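Data first, discussion second: the structure below is written as structure tokens.
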Amino acid sequence: MGLDRVHIRDLSTVGIVGIKPDERVTPQEILINVTIWADLMAAAASDRIDDTVNYRTIAKAMIEHVRNGKPELVERLAEELAQLSFDADARIEEIELTVEKPAALRHARAVGVTIRRTRDTAS
């Protein structure tokens, strides 16, 4: 039996991410896209929020982390957000996460990274 997926698309927040001097002091928009793999059968049967991965809780934690953290690299931020998700809910078995900076390049819609982690390989 395979795992089910929970998606969070285009979660927008602001934070300090970057290596340039202005990026270290000026918050910029950060977009996050997440796919979470978990077994959702219990929630489907019970219709209770306590039996599923609460995407609202995960999203709020990610927003707070981006606003309060100050990593230099989006790679670091993506890794932190993946670990935060694993720590938030033991039902999460795998996560794919994309972090983008829309204003990073003048002629591009956005730049970013995508990582995929399993609970077994998370740091």
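We name chains A, B, ... following the order of the structure tokens; residues begin at 1 in each chain, and ligands are numbered from 1 as shown.
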
Contacts of range 101-115 of chain A at 7 Å or less, counting only C-alpha atoms, minus same-chain residues fewer than 5 places along, as a PDB file with C-alpha atoms, in the first residue's frame?
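Saved to around-v5.pdb:
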ATOM      1  CA  GLU A  29       9.039  37.277  -0.507  1.00  0.00           C
ATOM      2  CA  ILE A  30       9.587  33.549  -0.157  1.00  0.00           C
ATOM      3  CA  LEU A  31       7.311  31.006  -1.875  1.00  0.00           C
ATOM      4  CA  VAL A  74      17.604  28.661   0.176  1.00  0.00           C
ATOM      5  CA  GLU A  75      19.118  25.164   0.389  1.00  0.00           C
ATOM      6  CA  ALA A  78      14.511  24.113   2.599  1.00  0.00           C
ATOM      7  CA  GLU A  96       9.240  17.240  -1.147  1.00  0.00           C
TER       8      GLU A  96
END

Range 61-68 of chain A surroundings by only C-alpha atoms, 6 Å radius, close-in-sequence under 2 positions cut, as a list in words |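 My reading of the contact set: Thr13, Gly15, Ile58 and Ala59 of chain A.
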
Out of chain A, which residues get strand (DSSP E) from DSSP, as an MDAnalysis selection string?
-> chainID A and resid 4:15 28:38 94:101 111:118

For the selection you just gave me, I'd like the residues written to a file as a short mmCIF file (atom, residue, chain, number, x, y, z; two decimals), in the first residue's frame, keeping N, CA and C atoms.
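Below you can see result15.cif, which holds the result:
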data_model
loop_
_atom_site.label_atom_id
_atom_site.label_comp_id
_atom_site.auth_asym_id
_atom_site.auth_seq_id
_atom_site.Cartn_x
_atom_site.Cartn_y
_atom_site.Cartn_z
N ASP A 4 -0.39 8.41 0.98
CA ASP A 4 -1.20 9.49 0.42
C ASP A 4 -0.38 10.77 0.43
N ARG A 5 -0.88 11.80 -0.26
CA ARG A 5 -0.15 13.05 -0.34
C ARG A 5 -1.01 14.23 0.11
N VAL A 6 -0.39 15.13 0.84
CA VAL A 6 -0.98 16.41 1.23
C VAL A 6 -0.15 17.48 0.53
N HIS A 7 -0.82 18.45 -0.11
CA HIS A 7 -0.12 19.50 -0.84
C HIS A 7 -0.38 20.86 -0.20
N ILE A 8 0.65 21.66 -0.16
CA ILE A 8 0.53 23.09 0.17
C ILE A 8 1.17 23.81 -1.01
N ARG A 9 0.41 24.65 -1.69
CA ARG A 9 0.88 25.31 -2.90
C ARG A 9 1.00 26.81 -2.73
N ASP A 10 2.13 27.34 -3.15
CA ASP A 10 2.37 28.78 -3.18
C ASP A 10 2.13 29.46 -1.84
N LEU A 11 2.66 28.85 -0.78
CA LEU A 11 2.62 29.48 0.54
C LEU A 11 3.57 30.66 0.49
N SER A 12 3.05 31.84 0.71
CA SER A 12 3.83 33.06 0.58
C SER A 12 4.09 33.69 1.94
N THR A 13 5.34 34.03 2.17
CA THR A 13 5.72 34.72 3.40
C THR A 13 6.93 35.60 3.08
N VAL A 14 7.45 36.29 4.06
CA VAL A 14 8.64 37.13 3.86
C VAL A 14 9.68 36.76 4.90
N GLY A 15 10.93 36.92 4.52
CA GLY A 15 12.01 36.64 5.44
C GLY A 15 13.35 37.07 4.89
N GLN A 28 12.39 39.64 2.03
CA GLN A 28 11.88 39.47 0.68
C GLN A 28 10.85 38.34 0.66
N GLU A 29 10.05 38.32 -0.39
CA GLU A 29 9.04 37.28 -0.51
C GLU A 29 9.70 35.92 -0.71
N ILE A 30 9.16 34.93 -0.03
CA ILE A 30 9.59 33.55 -0.16
C ILE A 30 8.34 32.73 -0.47
N LEU A 31 8.41 31.91 -1.52
CA LEU A 31 7.31 31.01 -1.87
C LEU A 31 7.71 29.58 -1.54
N ILE A 32 6.78 28.85 -0.94
CA ILE A 32 7.03 27.47 -0.53
C ILE A 32 5.96 26.57 -1.12
N ASN A 33 6.39 25.49 -1.73
CA ASN A 33 5.48 24.44 -2.21
C ASN A 33 5.91 23.14 -1.57
N VAL A 34 4.92 22.41 -1.04
CA VAL A 34 5.22 21.23 -0.27
C VAL A 34 4.31 20.08 -0.69
N THR A 35 4.89 18.90 -0.80
CA THR A 35 4.12 17.67 -0.89
C THR A 35 4.58 16.79 0.27
N ILE A 36 3.61 16.35 1.06
CA ILE A 36 3.86 15.52 2.23
C ILE A 36 3.25 14.15 1.97
N TRP A 37 4.03 13.11 2.20
CA TRP A 37 3.53 11.74 2.08
C TRP A 37 3.24 11.21 3.48
N ALA A 38 2.01 10.71 3.67
CA ALA A 38 1.59 10.14 4.95
C ALA A 38 0.42 9.20 4.71
N GLU A 94 7.55 11.23 4.27
CA GLU A 94 8.39 11.79 3.20
C GLU A 94 7.88 13.19 2.89
N ILE A 95 8.79 14.02 2.39
CA ILE A 95 8.41 15.38 2.04
C ILE A 95 9.22 15.84 0.83
N GLU A 96 8.56 16.54 -0.06
CA GLU A 96 9.24 17.24 -1.15
C GLU A 96 8.89 18.70 -0.98
N LEU A 97 9.90 19.54 -1.00
CA LEU A 97 9.72 20.94 -0.65
C LEU A 97 10.50 21.82 -1.62
N THR A 98 9.81 22.82 -2.16
CA THR A 98 10.45 23.80 -3.03
C THR A 98 10.40 25.17 -2.35
N VAL A 99 11.54 25.82 -2.28
CA VAL A 99 11.63 27.18 -1.74
C VAL A 99 12.11 28.08 -2.86
N GLU A 100 11.35 29.15 -3.12
CA GLU A 100 11.70 30.07 -4.21
C GLU A 100 11.78 31.50 -3.71
N LYS A 101 12.67 32.25 -4.36
CA LYS A 101 12.78 33.70 -4.14
C LYS A 101 12.36 34.38 -5.45
N VAL A 111 13.74 31.99 -8.55
CA VAL A 111 14.79 30.98 -8.45
C VAL A 111 14.59 30.25 -7.14
N GLY A 112 15.00 29.00 -7.11
CA GLY A 112 14.82 28.25 -5.88
C GLY A 112 15.41 26.87 -5.97
N VAL A 113 15.12 26.09 -4.95
CA VAL A 113 15.59 24.71 -4.90
C VAL A 113 14.44 23.80 -4.48
N THR A 114 14.54 22.56 -4.89
CA THR A 114 13.60 21.52 -4.47
C THR A 114 14.40 20.41 -3.82
N ILE A 115 13.97 20.00 -2.63
CA ILE A 115 14.59 18.87 -1.95
C ILE A 115 13.52 17.83 -1.67
N ARG A 116 13.95 16.59 -1.56
CA ARG A 116 13.03 15.51 -1.19
C ARG A 116 13.72 14.69 -0.11
N ARG A 117 13.04 14.53 1.01
CA ARG A 117 13.61 13.82 2.16
C ARG A 117 12.61 12.79 2.68
N THR A 118 13.14 11.71 3.21
CA THR A 118 12.33 10.76 3.93
C THR A 118 12.66 10.88 5.42
#

Any idea what the distance is between CA of Ala122 in chain A and CA of Ala90 in chain A?
->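 About the pair CA of Ala122 in chain A and CA of Ala90 in chain A: they are 12.5 Å apart.
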
As a check of understanding: the span from CA of Ala88 in chain A to CA of Ala45 in chain A is 22.4 Å

Could you give me the residues within range 5-105 of chain A that DSSP places in helix (DSSP H, G or I), as an NGL selection string?
-> :A and (21-24 or 41-46 or 49-51 or 55-68 or 74-88)

File of the preceding selection, C-alpha atoms, as a PDB file, in the first residue's frame:
ATOM      1  CA  PRO A  21      24.283  42.739   1.918  1.00  0.00           C
ATOM      2  CA  ASP A  22      20.814  44.070   1.066  1.00  0.00           C
ATOM      3  CA  GLU A  23      19.331  40.541   1.364  1.00  0.00           C
ATOM      4  CA  ARG A  24      20.726  40.296   4.907  1.00  0.00           C
ATOM      5  CA  MET A  41      -6.616   6.225   5.882  1.00  0.00           C
ATOM      6  CA  ALA A  42      -7.436   6.799   9.568  1.00  0.00           C
ATOM      7  CA  ALA A  43      -8.561  10.363   8.834  1.00  0.00           C
ATOM      8  CA  ALA A  44     -10.641   9.239   5.871  1.00  0.00           C
ATOM      9  CA  ALA A  45     -12.408   6.717   8.092  1.00  0.00           C
ATOM     10  CA  SER A  46     -12.880   8.923  11.168  1.00  0.00           C
ATOM     11  CA  ILE A  49      -8.595  16.393  12.174  1.00  0.00           C
ATOM     12  CA  ASP A  50      -6.625  14.648  14.926  1.00  0.00           C
ATOM     13  CA  ASP A  51      -6.204  11.642  12.629  1.00  0.00           C
ATOM     14  CA  TYR A  55      -1.637  21.317   6.877  1.00  0.00           C
ATOM     15  CA  ARG A  56      -2.648  24.523   8.672  1.00  0.00           C
ATOM     16  CA  THR A  57      -0.336  23.709  11.584  1.00  0.00           C
ATOM     17  CA  ILE A  58       2.534  22.877   9.205  1.00  0.00           C
ATOM     18  CA  ALA A  59       2.000  26.054   7.138  1.00  0.00           C
ATOM     19  CA  LYS A  60       1.881  28.301  10.210  1.00  0.00           C
ATOM     20  CA  ALA A  61       5.091  26.755  11.548  1.00  0.00           C
ATOM     21  CA  MET A  62       6.818  27.286   8.197  1.00  0.00           C
ATOM     22  CA  ILE A  63       5.713  30.922   7.997  1.00  0.00           C
ATOM     23  CA  GLU A  64       6.979  31.601  11.519  1.00  0.00           C
ATOM     24  CA  HIS A  65      10.284  29.859  10.797  1.00  0.00           C
ATOM     25  CA  VAL A  66      10.907  31.880   7.621  1.00  0.00           C
ATOM     26  CA  ARG A  67      10.050  35.147   9.374  1.00  0.00           C
ATOM     27  CA  ASN A  68      12.353  34.421  12.330  1.00  0.00           C
ATOM     28  CA  VAL A  74      17.604  28.661   0.176  1.00  0.00           C
ATOM     29  CA  GLU A  75      19.118  25.164   0.389  1.00  0.00           C
ATOM     30  CA  ARG A  76      19.538  25.632   4.139  1.00  0.00           C
ATOM     31  CA  LEU A  77      16.018  27.036   4.516  1.00  0.00           C
ATOM     32  CA  ALA A  78      14.511  24.113   2.599  1.00  0.00           C
ATOM     33  CA  GLU A  79      16.340  21.614   4.811  1.00  0.00           C
ATOM     34  CA  GLU A  80      15.182  23.414   7.957  1.00  0.00           C
ATOM     35  CA  LEU A  81      11.560  23.435   6.769  1.00  0.00           C
ATOM     36  CA  ALA A  82      11.673  19.728   5.952  1.00  0.00           C
ATOM     37  CA  GLN A  83      13.040  18.916   9.413  1.00  0.00           C
ATOM     38  CA  LEU A  84      10.456  21.201  11.034  1.00  0.00           C
ATOM     39  CA  SER A  85       7.712  19.226   9.283  1.00  0.00           C
ATOM     40  CA  PHE A  86       9.061  15.858  10.430  1.00  0.00           C
ATOM     41  CA  ASP A  87       9.305  17.209  13.979  1.00  0.00           C
ATOM     42  CA  ALA A  88       5.742  18.577  13.832  1.00  0.00           C
TER      43      ALA A  88
END

For Val17 in chain A, please output as a PDB file with C-alpha atoms, in the first residue's frame all residues within 6 Å (counting only C-alpha atoms; exclusion window: fewer than 3 positions along the same chain).
ATOM      1  CA  LYS A  70      18.014  34.222   8.640  1.00  0.00           C
ATOM      2  CA  PRO A  71      19.775  31.543   6.590  1.00  0.00           C
ATOM      3  CA  GLU A  72      22.020  32.628   3.766  1.00  0.00           C
TER       4      GLU A  72
END

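Rounded to one decimal, CA of Gly69 in chain A and CA of Ile92 in chain A lie 22.9 Å from each other.
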
Minimum-distance residue to Leu40 in chain A, chosen among A:Leu3, A:Arg119, A:Ile16, A:Glu93 (using only C-alpha atoms) = A:Leu3

Could you check which of A:Asp39, A:Lys20, A:Thr26, A:Gly2 is closest to Asp89 in chain A, using only C-alpha atoms?
->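 Going through A:Asp39, A:Lys20, A:Thr26, A:Gly2 one by one, the smallest distance to Asp89 in chain A is for A:Asp39.
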